[in-house]
file coords.txt (compact mmCIF, C-alpha atoms)
# COMPACT_ATOMS: atom_id res chain seq x y z
CA MET A 1 0.00 0.00 0.00
CA GLU A 2 1.25 3.46 -0.86
CA HIS A 3 2.65 5.44 2.06
CA SER A 4 1.05 8.90 2.39
CA VAL A 5 3.26 11.65 3.86
CA ARG A 6 3.26 15.36 4.46
CA GLY A 7 5.97 17.65 3.25
CA GLY A 8 8.69 18.75 5.67
CA ALA A 9 9.97 22.28 6.14
CA MET A 10 12.32 23.68 3.51
CA ILE A 11 15.86 24.17 4.84
CA SER A 12 18.78 26.38 3.87
CA ILE A 13 21.77 25.36 1.77
CA GLU A 14 23.99 25.59 4.85
CA GLN A 15 21.69 23.32 6.85
CA ALA A 16 21.55 20.78 4.02
CA ALA A 17 25.35 20.71 3.68
CA ARG A 18 25.75 20.30 7.44
CA ILE A 19 23.26 17.41 7.59
CA VAL A 20 24.96 15.62 4.71
CA HIS A 21 28.35 16.10 6.40
CA GLU A 22 27.04 14.79 9.74
CA HIS A 23 25.67 11.65 8.09
CA THR A 24 28.69 10.92 5.91
CA PRO A 25 30.05 7.51 6.99
CA LYS A 26 33.68 6.92 7.84
CA PRO A 27 35.79 5.47 5.01
CA ILE A 28 36.36 1.72 5.13
CA ARG A 29 39.92 0.46 4.96
CA GLU A 30 41.03 -2.63 3.06
CA GLU A 31 44.30 -4.09 1.80
CA LEU A 32 44.96 -4.64 -1.89
CA ALA A 33 47.76 -5.92 -4.06
CA LEU A 34 49.59 -2.94 -5.51
CA GLY A 35 48.64 -3.89 -9.05
CA LEU A 36 44.93 -3.67 -8.16
CA ALA A 37 45.09 -0.37 -6.29
CA SER A 38 45.17 2.14 -9.15
CA GLY A 39 43.08 5.18 -8.35
CA ARG A 40 42.56 4.22 -4.71
CA ILE A 41 43.25 6.55 -1.78
CA LEU A 42 45.95 5.51 0.69
CA ALA A 43 44.65 4.69 4.18
CA GLU A 44 48.04 5.03 5.87
CA ASP A 45 51.44 6.65 5.47
CA ILE A 46 53.97 4.55 3.59
CA TYR A 47 57.64 4.48 4.62
CA SER A 48 60.30 3.07 2.36
CA PRO A 49 61.70 -0.32 3.37
CA VAL A 50 64.91 0.39 1.44
CA ALA A 51 67.16 3.25 0.43
CA SER A 52 67.17 4.69 -3.07
CA PRO A 53 69.49 4.13 -4.78
CA ALA A 54 70.05 0.85 -2.98
CA CYS A 55 73.76 1.08 -3.80
CA THR A 56 76.15 3.71 -5.09
CA SER A 57 75.98 3.53 -8.87
CA SER A 58 76.83 5.26 -12.12
CA SER A 59 74.54 7.73 -13.89
CA MET A 60 76.43 7.37 -17.19
CA ASP A 61 78.01 4.79 -19.46
CA GLY A 62 81.77 5.23 -19.10
CA TYR A 63 84.63 4.36 -16.77
CA ALA A 64 84.78 4.28 -12.99
CA ILE A 65 88.00 5.55 -11.43
CA SER A 66 89.50 6.52 -8.08
CA ARG A 67 89.83 10.28 -8.57
CA ALA A 68 91.20 10.60 -5.03
CA GLY A 69 94.20 8.57 -6.12
CA LEU A 70 95.07 11.03 -8.91
CA SER A 71 96.85 14.36 -8.47
CA GLY A 72 95.74 17.77 -9.67
CA ASP A 73 93.38 18.22 -12.60
CA CYS A 74 95.16 15.48 -14.58
CA ASP A 75 96.38 16.81 -17.91
CA PRO A 76 94.19 15.10 -20.54
CA GLN A 77 97.26 14.45 -22.71
CA THR A 78 98.96 12.39 -20.03
CA PHE A 79 95.97 10.99 -18.10
CA SER A 80 95.42 7.35 -18.96
CA LEU A 81 94.51 4.15 -17.09
CA VAL A 82 94.34 0.49 -17.93
CA CYS A 83 90.82 -0.97 -17.99
CA GLY A 84 90.83 -3.76 -15.42
CA GLY A 85 87.28 -5.08 -15.70
CA GLU A 86 83.63 -4.18 -16.09
CA SER A 87 80.60 -3.44 -13.94
CA ARG A 88 77.25 -3.88 -15.69
CA ALA A 89 73.75 -3.25 -14.40
CA GLY A 90 72.85 -6.34 -12.41
CA HIS A 91 76.40 -7.72 -12.71
CA PRO A 92 78.83 -5.75 -10.52
CA TYR A 93 82.61 -5.87 -10.82
CA SER A 94 83.81 -8.72 -8.61
CA GLY A 95 87.57 -8.45 -9.00
CA ALA A 96 90.13 -7.27 -6.51
CA PRO A 97 90.52 -3.51 -5.84
CA ALA A 98 92.76 -1.92 -8.45
CA PRO A 99 93.05 1.82 -7.73
CA GLY A 100 95.63 2.29 -10.47
CA ASN A 101 93.21 1.01 -13.09
CA CYS A 102 89.75 1.98 -14.30
CA ILE A 103 86.61 -0.13 -14.67
CA ALA A 104 84.18 0.01 -17.58
CA ILE A 105 80.74 0.78 -16.18
CA SER A 106 77.20 1.11 -17.53
CA THR A 107 74.36 3.36 -16.38
CA GLY A 108 72.86 2.06 -13.15
CA ALA A 109 75.69 -0.36 -12.48
CA MET A 110 77.19 -0.63 -8.97
CA LEU A 111 80.29 1.45 -8.41
CA PRO A 112 83.22 -0.56 -6.99
CA ASP A 113 83.88 0.59 -3.42
CA TRP A 114 87.37 1.78 -4.32
CA CYS A 115 86.02 4.08 -7.06
CA ASP A 116 84.56 7.54 -6.47
CA THR A 117 84.08 9.02 -9.94
CA VAL A 118 82.65 8.17 -13.37
CA VAL A 119 83.95 9.57 -16.65
CA PRO A 120 81.48 9.43 -19.58
CA VAL A 121 82.55 7.28 -22.48
CA GLU A 122 82.35 10.26 -24.86
CA ASP A 123 85.12 12.00 -22.86
CA THR A 124 87.54 9.12 -23.43
CA ARG A 125 89.53 7.43 -26.17
CA VAL A 126 90.52 3.76 -25.98
CA VAL A 127 93.64 2.27 -27.51
CA ASP A 128 93.99 -1.46 -26.99
CA ASN A 129 93.11 -1.77 -23.28
CA THR A 130 94.29 1.68 -22.28
CA VAL A 131 91.73 4.44 -21.69
CA PHE A 132 92.80 8.03 -22.38
CA PHE A 133 90.78 10.66 -20.52
CA MET A 134 90.30 13.70 -22.74
CA GLN A 135 88.71 16.16 -20.26
CA PRO A 136 89.48 17.34 -16.72
CA VAL A 137 87.75 15.13 -14.16
CA ARG A 138 85.93 16.33 -11.03
CA ARG A 139 85.85 13.94 -8.11
CA GLY A 140 82.37 12.44 -7.55
CA GLN A 141 80.97 13.35 -10.95
CA PHE A 142 78.20 11.17 -12.46
CA VAL A 143 77.86 9.12 -9.28
CA ARG A 144 74.53 8.30 -7.68
CA ASN A 145 75.25 7.87 -4.00
CA GLN A 146 73.39 5.25 -2.01
CA GLY A 147 70.35 6.83 -0.31
CA SER A 148 70.73 10.14 -2.15
CA GLU A 149 67.01 10.06 -3.13
CA PHE A 150 65.72 8.73 0.19
CA LEU A 151 66.82 6.49 3.03
CA ALA A 152 65.22 3.35 4.42
CA GLY A 153 62.45 4.38 6.81
CA GLU A 154 61.84 7.70 5.08
CA LEU A 155 58.22 8.79 4.43
CA LEU A 156 57.32 8.20 0.78
CA LEU A 157 53.56 8.79 0.53
CA LYS A 158 51.02 10.23 2.93
CA ARG A 159 47.62 8.91 3.87
CA GLY A 160 45.01 10.48 1.61
CA GLU A 161 47.18 10.51 -1.52
CA ARG A 162 45.70 8.99 -4.65
CA LEU A 163 47.55 6.09 -6.22
CA ASP A 164 48.32 7.23 -9.76
CA PRO A 165 50.87 5.73 -12.18
CA SER A 166 53.80 7.66 -10.69
CA ARG A 167 53.01 6.65 -7.10
CA ILE A 168 52.41 3.03 -8.07
CA GLY A 169 55.75 3.03 -9.86
CA LEU A 170 57.49 4.46 -6.81
CA LEU A 171 56.03 1.79 -4.50
CA ALA A 172 56.90 -0.95 -6.95
CA ALA A 173 60.48 0.30 -7.09
CA VAL A 174 60.92 -0.20 -3.34
CA GLY A 175 59.11 -3.53 -3.22
CA VAL A 176 55.80 -2.55 -1.60
CA ALA A 177 53.48 -5.31 -2.76
CA VAL A 178 50.35 -4.67 -0.66
CA VAL A 179 48.84 -1.30 0.27
CA ALA A 180 46.17 -0.21 2.74
CA VAL A 181 43.56 1.81 0.86
CA TYR A 182 39.99 2.98 1.31
CA ARG A 183 37.18 1.02 -0.28
CA PRO A 184 35.30 3.02 -2.92
CA PRO A 185 31.61 3.58 -2.15
CA LYS A 186 29.07 1.59 -4.14
CA VAL A 187 26.25 3.56 -5.76
CA ALA A 188 22.96 2.27 -7.14
CA LEU A 189 21.48 4.61 -9.75
CA ILE A 190 17.72 4.51 -10.33
CA MET A 191 16.22 6.61 -13.12
CA THR A 192 12.50 7.34 -12.83
CA GLY A 193 10.02 8.60 -15.41
CA SER A 194 7.52 6.94 -17.75
CA GLU A 195 8.48 9.49 -20.39
CA LEU A 196 12.13 8.40 -20.53
CA VAL A 197 13.65 6.38 -23.34
CA PRO A 198 17.30 5.33 -23.67
CA PHE A 199 19.47 8.14 -25.01
CA ASN A 200 20.39 6.17 -28.13
CA ARG A 201 16.82 5.50 -29.23
CA LYS A 202 14.30 7.62 -31.09
CA ALA A 203 12.18 9.79 -28.80
CA GLU A 204 8.66 10.78 -29.70
CA LYS A 205 7.55 14.34 -28.98
CA GLN A 206 5.95 13.29 -25.71
CA GLN A 207 9.07 11.43 -24.62
CA ALA A 208 12.51 12.47 -23.38
CA ARG A 209 15.88 10.86 -23.88
CA ASP A 210 17.46 9.79 -20.60
CA SER A 211 20.53 12.01 -20.52
CA ASN A 212 20.84 12.08 -16.72
CA ALA A 213 21.85 8.43 -16.49
CA LEU A 214 25.08 8.84 -18.44
CA MET A 215 25.75 12.24 -16.86
CA LEU A 216 25.45 10.82 -13.34
CA GLU A 217 27.31 7.62 -14.21
CA ASP A 218 30.25 9.70 -15.38
CA ALA A 219 30.10 11.97 -12.33
CA ILE A 220 30.00 8.94 -10.00
CA ALA A 221 33.01 7.40 -11.75
CA ARG A 222 34.94 10.68 -11.53
CA CYS A 223 34.36 10.65 -7.76
CA GLY A 224 36.09 7.27 -7.63
CA ALA A 225 32.90 5.46 -6.64
CA GLU A 226 31.62 2.21 -8.17
CA LEU A 227 28.24 1.67 -9.78
CA SER A 228 26.51 -1.34 -8.28
CA SER A 229 23.51 -1.08 -10.63
CA VAL A 230 21.70 1.21 -13.05
CA VAL A 231 17.97 0.69 -13.59
CA ARG A 232 15.09 2.64 -15.07
CA VAL A 233 11.58 2.51 -13.60
CA GLU A 234 8.26 3.93 -14.74
CA ASP A 235 6.21 6.25 -12.57
CA SER A 236 4.76 3.58 -10.33
CA PHE A 237 4.83 3.34 -6.55
CA GLU A 238 5.23 -0.45 -6.64
CA ALA A 239 8.00 -0.32 -9.24
CA THR A 240 9.83 2.39 -7.28
CA VAL A 241 9.63 0.38 -4.05
CA ALA A 242 10.83 -2.78 -5.80
CA ALA A 243 13.82 -0.96 -7.32
CA LEU A 244 14.75 0.55 -3.96
CA GLN A 245 14.50 -2.77 -2.14
CA ALA A 246 16.74 -4.42 -4.73
CA ALA A 247 19.34 -1.64 -4.50
CA GLN A 248 19.61 -0.96 -0.79
CA GLY A 249 21.26 -4.25 0.14
CA THR A 250 24.11 -3.89 -2.33
CA SER A 251 24.93 -0.18 -2.12
CA ASP A 252 26.27 2.45 0.23
CA LEU A 253 24.26 5.08 -1.62
CA VAL A 254 21.02 4.80 -3.58
CA LEU A 255 20.69 7.69 -6.00
CA PHE A 256 17.32 8.45 -7.62
CA SER A 257 16.94 10.82 -10.54
CA GLY A 258 13.45 12.30 -10.92
CA GLY A 259 10.22 11.53 -9.12
CA ILE A 260 11.05 13.65 -6.08
CA SER A 261 8.76 16.69 -6.42
CA ALA A 262 5.31 16.94 -4.84
CA GLY A 263 3.32 15.77 -7.84
CA GLU A 264 0.84 12.92 -7.96
CA TYR A 265 3.30 10.72 -9.87
CA ASP A 266 6.39 11.54 -7.81
CA TYR A 267 6.92 8.37 -5.79
CA VAL A 268 10.53 8.39 -4.59
CA ARG A 269 10.00 10.02 -1.20
CA ARG A 270 6.88 7.99 -0.50
CA ALA A 271 8.62 4.77 -1.50
CA ALA A 272 11.64 5.55 0.69
CA LEU A 273 9.51 6.20 3.76
CA SER A 274 7.47 3.05 3.14
CA CYS A 275 10.78 1.10 3.09
CA ALA A 276 11.64 2.48 6.55
CA PHE A 277 14.17 5.09 5.41
CA GLN A 278 14.47 8.00 7.84
CA GLU A 279 14.01 11.34 6.16
CA LEU A 280 16.85 13.76 6.93
CA PHE A 281 15.56 16.58 4.76
CA TRP A 282 13.37 17.24 1.75
CA ARG A 283 13.47 20.50 -0.19
CA VAL A 284 16.26 23.06 0.05
CA ARG A 285 15.80 26.81 -0.30
CA GLN A 286 17.84 26.97 -3.49
CA LYS A 287 17.42 27.41 -7.22
CA PRO A 288 17.88 25.23 -9.14
CA GLY A 289 17.39 21.96 -7.27
CA LYS A 290 14.82 22.73 -4.57
CA PRO A 291 13.19 19.25 -4.37
CA LEU A 292 16.27 17.48 -3.01
CA PHE A 293 15.60 14.47 -0.76
CA PHE A 294 18.08 12.91 1.67
CA ALA A 295 17.39 9.87 3.86
CA GLU A 296 19.12 6.96 5.55
CA LYS A 297 18.42 3.41 6.65
CA GLY A 298 21.12 1.62 8.59
CA ASP A 299 24.33 1.93 6.58
CA THR A 300 22.55 2.97 3.38
CA LEU A 301 22.10 6.59 2.33
CA LEU A 302 19.57 7.77 -0.23
CA PHE A 303 19.42 10.89 -2.35
CA GLY A 304 16.51 11.85 -4.54
CA LEU A 305 17.59 14.31 -7.24
CA PRO A 306 15.28 16.40 -9.42
CA GLY A 307 14.93 15.17 -12.98
CA ASN A 308 15.94 18.40 -14.70
CA PRO A 309 19.61 18.03 -15.71
CA VAL A 310 20.93 21.31 -14.25
CA SER A 311 19.13 20.72 -10.95
CA SER A 312 20.39 17.15 -10.83
CA TYR A 313 23.97 18.08 -11.64
CA MET A 314 24.16 21.03 -9.25
CA ASN A 315 22.82 18.96 -6.36
CA PHE A 316 25.33 16.24 -7.19
CA ILE A 317 28.19 18.74 -7.13
CA LEU A 318 27.05 20.50 -3.95
CA TYR A 319 26.16 17.51 -1.79
CA ILE A 320 27.02 14.14 -3.33
CA TYR A 321 30.47 14.99 -4.72
CA PRO A 322 31.91 15.87 -1.27
CA LEU A 323 30.10 12.92 0.34
CA LEU A 324 31.44 10.31 -2.10
CA THR A 325 34.90 11.84 -1.96
CA ALA A 326 34.92 11.69 1.86
CA ILE A 327 33.70 8.08 1.92
CA ARG A 328 36.53 7.29 -0.42
CA GLY A 329 38.98 8.69 2.11
CA ARG A 330 39.74 12.11 0.78
CA GLU A 331 38.43 15.50 1.82
CA GLN A 332 37.62 17.56 -1.22
CA SER A 333 35.91 20.88 -1.77
CA LEU A 334 35.19 22.96 -4.82
CA GLU A 335 37.88 25.36 -5.94
CA ASP A 336 37.15 29.10 -5.75
CA SER A 337 38.20 31.89 -8.06
CA VAL A 338 38.17 35.55 -7.03
CA ALA A 339 36.75 37.58 -9.90
CA VAL A 340 35.13 40.90 -10.80
CA MET A 341 31.48 41.22 -11.73
CA GLY A 342 31.09 42.26 -15.35
CA HIS A 343 27.54 43.61 -14.98
CA ASP A 344 24.88 44.29 -12.38
CA LEU A 345 23.07 41.25 -11.01
CA VAL A 346 19.96 41.13 -8.82
CA ASN A 347 18.33 38.00 -7.40
CA ASN A 348 14.65 38.96 -7.23
CA GLY A 349 13.60 35.46 -6.19
CA ASP A 350 12.81 34.06 -2.76
CA ARG A 351 15.54 31.41 -2.83
CA THR A 352 19.32 31.44 -2.96
CA THR A 353 20.19 31.03 -6.62
CA PHE A 354 23.16 29.42 -8.33
CA TYR A 355 23.99 31.39 -11.48
CA GLN A 356 26.08 29.60 -14.07
CA VAL A 357 28.87 31.92 -15.20
CA SER A 358 31.79 32.25 -17.58
CA LEU A 359 35.13 33.89 -16.80
CA ALA A 360 37.15 35.99 -19.21
CA GLY A 361 40.07 38.39 -19.19
CA ALA A 362 43.86 38.51 -19.03
CA THR A 363 45.55 35.87 -16.91
CA GLU A 364 47.37 38.47 -14.78
CA GLU A 365 44.11 40.27 -13.91
CA PRO A 366 41.12 39.05 -11.87
CA PRO A 367 38.78 37.42 -14.39
CA ILE A 368 35.54 39.11 -15.42
CA VAL A 369 32.32 37.30 -14.53
CA ALA A 370 29.45 37.05 -16.97
CA VAL A 371 26.20 35.28 -16.08
CA LEU A 372 25.09 32.98 -18.89
CA GLU A 373 21.79 33.81 -20.56
CA ARG A 374 20.35 30.30 -20.36
CA GLN A 375 19.75 29.59 -16.66
CA GLU A 376 16.64 27.39 -16.64
CA SER A 377 17.03 24.01 -14.92
CA PHE A 378 16.29 22.07 -18.10
CA MET A 379 18.95 23.93 -20.10
CA ALA A 380 22.03 21.69 -19.99
CA THR A 381 23.96 24.18 -22.12
CA SER A 382 24.36 26.37 -19.02
CA LEU A 383 26.66 23.66 -17.62
CA THR A 384 28.67 23.16 -20.79
CA GLY A 385 28.95 26.90 -21.42
CA GLY A 386 30.19 27.89 -17.99
CA VAL A 387 33.10 27.09 -15.71
CA GLY A 388 31.49 27.79 -12.36
CA PHE A 389 28.65 29.44 -10.51
CA LEU A 390 27.84 32.38 -8.28
CA THR A 391 25.80 31.82 -5.13
CA VAL A 392 23.47 34.78 -4.68
CA ALA A 393 21.08 35.04 -1.73
CA ALA A 394 17.42 35.91 -2.17
CA GLY A 395 17.06 39.67 -2.67
CA GLU A 396 20.82 40.20 -2.97
CA SER A 397 22.24 42.70 -5.47
CA ILE A 398 25.76 42.65 -6.91
CA ALA A 399 27.01 45.79 -8.66
CA LYS A 400 29.20 45.79 -11.73
CA GLY A 401 32.86 45.92 -10.71
CA SER A 402 32.28 44.22 -7.36
CA GLN A 403 34.68 41.49 -6.28
CA VAL A 404 32.94 38.13 -6.11
CA THR A 405 33.87 34.51 -5.46
CA VAL A 406 33.08 32.02 -8.21
CA ARG A 407 32.90 28.37 -7.24
CA LEU A 408 34.47 26.40 -10.05
CA LEU A 409 32.84 23.24 -11.33
CA PRO A 410 34.99 20.12 -11.00
CA TRP A 411 36.11 18.40 -14.18
CA ARG A 412 35.75 21.70 -16.07
CA ARG A 413 37.51 22.03 -19.36
call {"tool": "encode", "arguments": {"input": "coords.txt", "output": "structure tokens"}}
result
Amino acid sequence: MEHSVRGGAMISIEQAARIVHEHTPKPIREELALGLASGRILAEDIYSPVASPACTSSSMDGYAISRAGLSGDCDPQTFSLVCGGESRAGHPYSGAPAPGNCIAISTGAMLPDWCDTVVPVEDTRVVDNTVFFMQPVRRGQFVRNQGSEFLAGELLLKRGERLDPSRIGLLAAVGVAVVAVYRPPKVALIMTGSELVPFNRKAEKQQARDSNALMLEDAIARCGAELSSVVRVEDSFEATVAALQAAQGTSDLVLFSGGISAGEYDYVRRAALSCAFQELFWRVRQKPGKPLFFAEKGDTLLFGLPGNPVSSYMNFILYIYPLLTAIRGREQSLEDSVAVMGHDLVNNGDRTTFYQVSLAGATEEPPIVAVLERQESFMATSLTGGVGFLTVAAGESIAKGSQVTVRLLPWRR
């Protein structure tokens, strides 16, 4: 039987953000093989088990010598040594110390302990087994000293860093095979609306292509979360309940798109309450995106987003983006840009409004803000045409030339 409910009081943007923050679960730690941890966030500091380089080695192909055993700058015309062996990468010189000789050496090869200098092969001339050194030689040149990059026990990576190719390569180089990381949150995406058809199919005039699904899937992936399921349901209370029941056991977050206003065929809130979800808020004093629903049941969170693409995207950025990022083990907030208003702006509405804006001007000057013409919640071009948004309170006026703070959209071009 359908669950009948009354609407709750509309809350402010600040209240909504605080409630979401208070109900954001702690990240869950797990251990993974290094090769499976790409993109994950480190759950602990990592200290190197070894020094780098592990031994003193050559940074050039050439000849290793004991410069300390030579006098002065060594006149190139008279400076020559007999080559007494070779040290190759992975195959060090194993002969007896021979300070009066030189040793052929390759890049990365271990330097014999009686040598202190490497002379590049291009600065030498070889006749039979005698090496003539054609340039003055500085003691210690082209030598990579053991531990010169870092020592054993030195901090390599900090908790909260993202494992990208460079960090994975660094850990592999020192033999770290298993890492402690945070588990990515699992998100179930449920698209509602009898009028929706898949984006790649023909839509009749009375229908709408489902663009929100791919938009939200991409946004979820960019947050480092995992999709547990993506389903589409018609405007039916029973179908909405069934989709929610199927999703809640496999997901940390159930994300609905559409069906969250106060209309006769908006079933998401009613379905959530009938499934014993506790409502945390419904409706935020903002434009776009007023009919935002947030609820929880046990360890499962639920968001109901409006169906209009701009409303859906803005609510994702404002509330879900920081939540998913925090669950993943990394605090993240939107970047701000200080700019100058390019024209007068007045918010005559009764809600705080997010105005999509562009920024222009010389790089050495504060950028100039221009509010885009197309601001309606169904106009997706306001998102593709802008780089950020202004938050303007109800009744607030901003004069041309005023300094303002633009919140930049993540993943902007």
call {"tool": "atom_distance", "arguments": {"input": "coords.txt", "atom1": "atom CA of A:Phe237", "atom2": "atom CA of A:Gln206"}}
result
21.6 Å
call {"tool": "closest_residue", "arguments": {"input": "coords.txt", "among": "A:Leu305, A:Leu292, A:Leu196, A:Ala33", "to": "A:Ile13", "atoms": "only C-alpha atoms"}}
result
A:Leu292
call {"tool": "closest_residue", "arguments": {"input": "coords.txt", "among": "A:Gly395, A:Pro185, A:Gly249, A:Pro165", "to": "A:Thr24", "atoms": "all atoms listed in the file"}}
result
A:Pro185
call {"tool": "closest_residue", "arguments": {"input": "coords.txt", "among": "A:Asp128, A:Ala370, A:Cys115, A:Glu30", "to": "A:Ala43", "atoms": "all atoms listed in the file"}}
result
A:Glu30
call {"tool": "residues_near_point", "arguments": {"input": "coords.txt", "point": "(52.2, 4.2, -1.6)", "cutoff": "7 Å", "atoms": "all atoms listed in the file", "output": "list in words"}}
result
Leu42, Ile46, Leu156, Leu157, Leu163, Arg167, Ile168, Leu171 and Val179 of chain A
call {"tool": "residues_around", "arguments": {"input": "coords.txt", "residues": "A:Arg209", "least_positions_apart": "6", "cutoff": "12 Å", "atoms": "only C-alpha atoms", "output": "PyMOL selection string"}}
result
chain A and resi 191+193-203+307-309
call {"tool": "atom_distance", "arguments": {"input": "coords.txt", "atom1": "atom CA of A:Ser251", "atom2": "atom CA of A:Arg330"}}
result
19.5 Å
call {"tool": "closest_residue", "arguments": {"input": "coords.txt", "among": "A:Glu154, A:Glu86, A:Asp116, A:Asp218", "to": "A:Gln141", "atoms": "only C-alpha atoms"}}
result
A:Asp116
call {"tool": "residues_near_point", "arguments": {"input": "coords.txt", "point": "(40.1, 0.1, -7.2)", "cutoff": "12 Å", "atoms": "only C-alpha atoms", "output": "list in words"}}
result
Glu30, Glu31, Leu32, Ala33, Leu34, Gly35, Leu36, Ala37, Ser38, Gly39, Arg40, Ile41, Leu42, Arg162, Leu163, Asp164, Val179, Ala180, Val181, Tyr182, Arg183, Pro184, Pro185, Lys186, Ala221, Gly224, Ala225, Glu226 and Arg328 of chain A
call {"tool": "residues_around", "arguments": {"input": "coords.txt", "residues": "A:Thr353", "least_positions_apart": "2", "cutoff": "8 Å", "atoms": "all atoms listed in the file", "output": "PyMOL selection string"}}
result
chain A and resi 286-288+347+349+351+355+390-394
call {"tool": "residues_around", "arguments": {"input": "coords.txt", "residues": "stretch 14-18 of chain A", "least_positions_apart": "5", "cutoff": "12 Å", "atoms": "only C-alpha atoms", "output": "VMD selection string"}}
result
chain A and resid 9 23 to 24 280 to 286 290 to 295 303 315 to 323 333 352 391 393
call {"tool": "write_last_selection", "arguments": {"input": "coords.txt", "atoms": "C-alpha atoms", "output": "PDB file, keeping the file's coordinate frame"}}
result
ATOM      1  CA  ALA A   9       9.970  22.280   6.140  1.00  0.00           C
ATOM      2  CA  HIS A  23      25.670  11.650   8.090  1.00  0.00           C
ATOM      3  CA  THR A  24      28.690  10.920   5.910  1.00  0.00           C
ATOM      4  CA  LEU A 280      16.850  13.760   6.930  1.00  0.00           C
ATOM      5  CA  PHE A 281      15.560  16.580   4.760  1.00  0.00           C
ATOM      6  CA  TRP A 282      13.370  17.240   1.750  1.00  0.00           C
ATOM      7  CA  ARG A 283      13.470  20.500  -0.190  1.00  0.00           C
ATOM      8  CA  VAL A 284      16.260  23.060   0.050  1.00  0.00           C
ATOM      9  CA  ARG A 285      15.800  26.810  -0.300  1.00  0.00           C
ATOM     10  CA  GLN A 286      17.840  26.970  -3.490  1.00  0.00           C
ATOM     11  CA  LYS A 290      14.820  22.730  -4.570  1.00  0.00           C
ATOM     12  CA  PRO A 291      13.190  19.250  -4.370  1.00  0.00           C
ATOM     13  CA  LEU A 292      16.270  17.480  -3.010  1.00  0.00           C
ATOM     14  CA  PHE A 293      15.600  14.470  -0.760  1.00  0.00           C
ATOM     15  CA  PHE A 294      18.080  12.910   1.670  1.00  0.00           C
ATOM     16  CA  ALA A 295      17.390   9.870   3.860  1.00  0.00           C
ATOM     17  CA  PHE A 303      19.420  10.890  -2.350  1.00  0.00           C
ATOM     18  CA  ASN A 315      22.820  18.960  -6.360  1.00  0.00           C
ATOM     19  CA  PHE A 316      25.330  16.240  -7.190  1.00  0.00           C
ATOM     20  CA  ILE A 317      28.190  18.740  -7.130  1.00  0.00           C
ATOM     21  CA  LEU A 318      27.050  20.500  -3.950  1.00  0.00           C
ATOM     22  CA  TYR A 319      26.160  17.510  -1.790  1.00  0.00           C
ATOM     23  CA  ILE A 320      27.020  14.140  -3.330  1.00  0.00           C
ATOM     24  CA  TYR A 321      30.470  14.990  -4.720  1.00  0.00           C
ATOM     25  CA  PRO A 322      31.910  15.870  -1.270  1.00  0.00           C
ATOM     26  CA  LEU A 323      30.100  12.920   0.340  1.00  0.00           C
ATOM     27  CA  SER A 333      35.910  20.880  -1.770  1.00  0.00           C
ATOM     28  CA  THR A 352      19.320  31.440  -2.960  1.00  0.00           C
ATOM     29  CA  THR A 391      25.800  31.820  -5.130  1.00  0.00           C
ATOM     30  CA  ALA A 393      21.080  35.040  -1.730  1.00  0.00           C
TER      31      ALA A 393
END
call {"tool": "closest_residue", "arguments": {"input": "coords.txt", "among": "A:Glu122, A:Asp45, A:Glu161, A:Glu22", "to": "A:Tyr63", "atoms": "all atoms listed in the file"}}
result
A:Glu122
call {"tool": "atom_distance", "arguments": {"input": "coords.txt", "atom1": "atom CA of A:Thr130", "atom2": "atom CA of A:Cys83"}}
result
6.1 Å
call {"tool": "residues_around", "arguments": {"input": "coords.txt", "residues": "A:Gly361", "least_positions_apart": "3", "cutoff": "12 Å", "atoms": "all atoms listed in the file", "output": "list in words"}}
result
Ala339, Val340, Met341, Gly342, Ser358, Glu364, Glu365, Pro366, Pro367, Ile368, Val369 and Ala370 of chain A
call {"tool": "closest_residue", "arguments": {"input": "coords.txt", "among": "A:Arg412, A:Lys26, A:His21, A:Arg144", "to": "A:Thr107", "atoms": "only C-alpha atoms"}}
result
A:Arg144
call {"tool": "residues_around", "arguments": {"input": "coords.txt", "residues": "A:Val126", "least_positions_apart": "4", "cutoff": "10 Å", "atoms": "only C-alpha atoms", "output": "list in words"}}
result
Ser80, Leu81, Val82, Cys83, Val121, Thr130, Val131, Phe132 and Phe133 of chain A
call {"tool": "write_last_selection", "arguments": {"input": "coords.txt", "atoms": "C-alpha atoms", "output": "PDB file, keeping the file's coordinate frame"}}
result
ATOM      1  CA  SER A  80      95.420   7.350 -18.960  1.00  0.00           C
ATOM      2  CA  LEU A  81      94.510   4.150 -17.090  1.00  0.00           C
ATOM      3  CA  VAL A  82      94.340   0.490 -17.930  1.00  0.00           C
ATOM      4  CA  CYS A  83      90.820  -0.970 -17.990  1.00  0.00           C
ATOM      5  CA  VAL A 121      82.550   7.280 -22.480  1.00  0.00           C
ATOM      6  CA  THR A 130      94.290   1.680 -22.280  1.00  0.00           C
ATOM      7  CA  VAL A 131      91.730   4.440 -21.690  1.00  0.00           C
ATOM      8  CA  PHE A 132      92.800   8.030 -22.380  1.00  0.00           C
ATOM      9  CA  PHE A 133      90.780  10.660 -20.520  1.00  0.00           C
TER      10      PHE A 133
END
call {"tool": "decode", "arguments": {"input": "coords.txt", "residues": "stretch 150-161 of chain A", "atoms": "C-alpha atoms", "output": "compact mmCIF listing (two decimals), in the first residue's frame"}}
result
# COMPACT_ATOMS: atom_id res chain seq x y z
CA PHE A 150 65.72 8.73 0.19
CA LEU A 151 66.82 6.49 3.03
CA ALA A 152 65.22 3.35 4.42
CA GLY A 153 62.45 4.38 6.81
CA GLU A 154 61.84 7.70 5.08
CA LEU A 155 58.22 8.79 4.43
CA LEU A 156 57.32 8.20 0.78
CA LEU A 157 53.56 8.79 0.53
CA LYS A 158 51.02 10.23 2.93
CA ARG A 159 47.62 8.91 3.87
CA GLY A 160 45.01 10.48 1.61
CA GLU A 161 47.18 10.51 -1.52
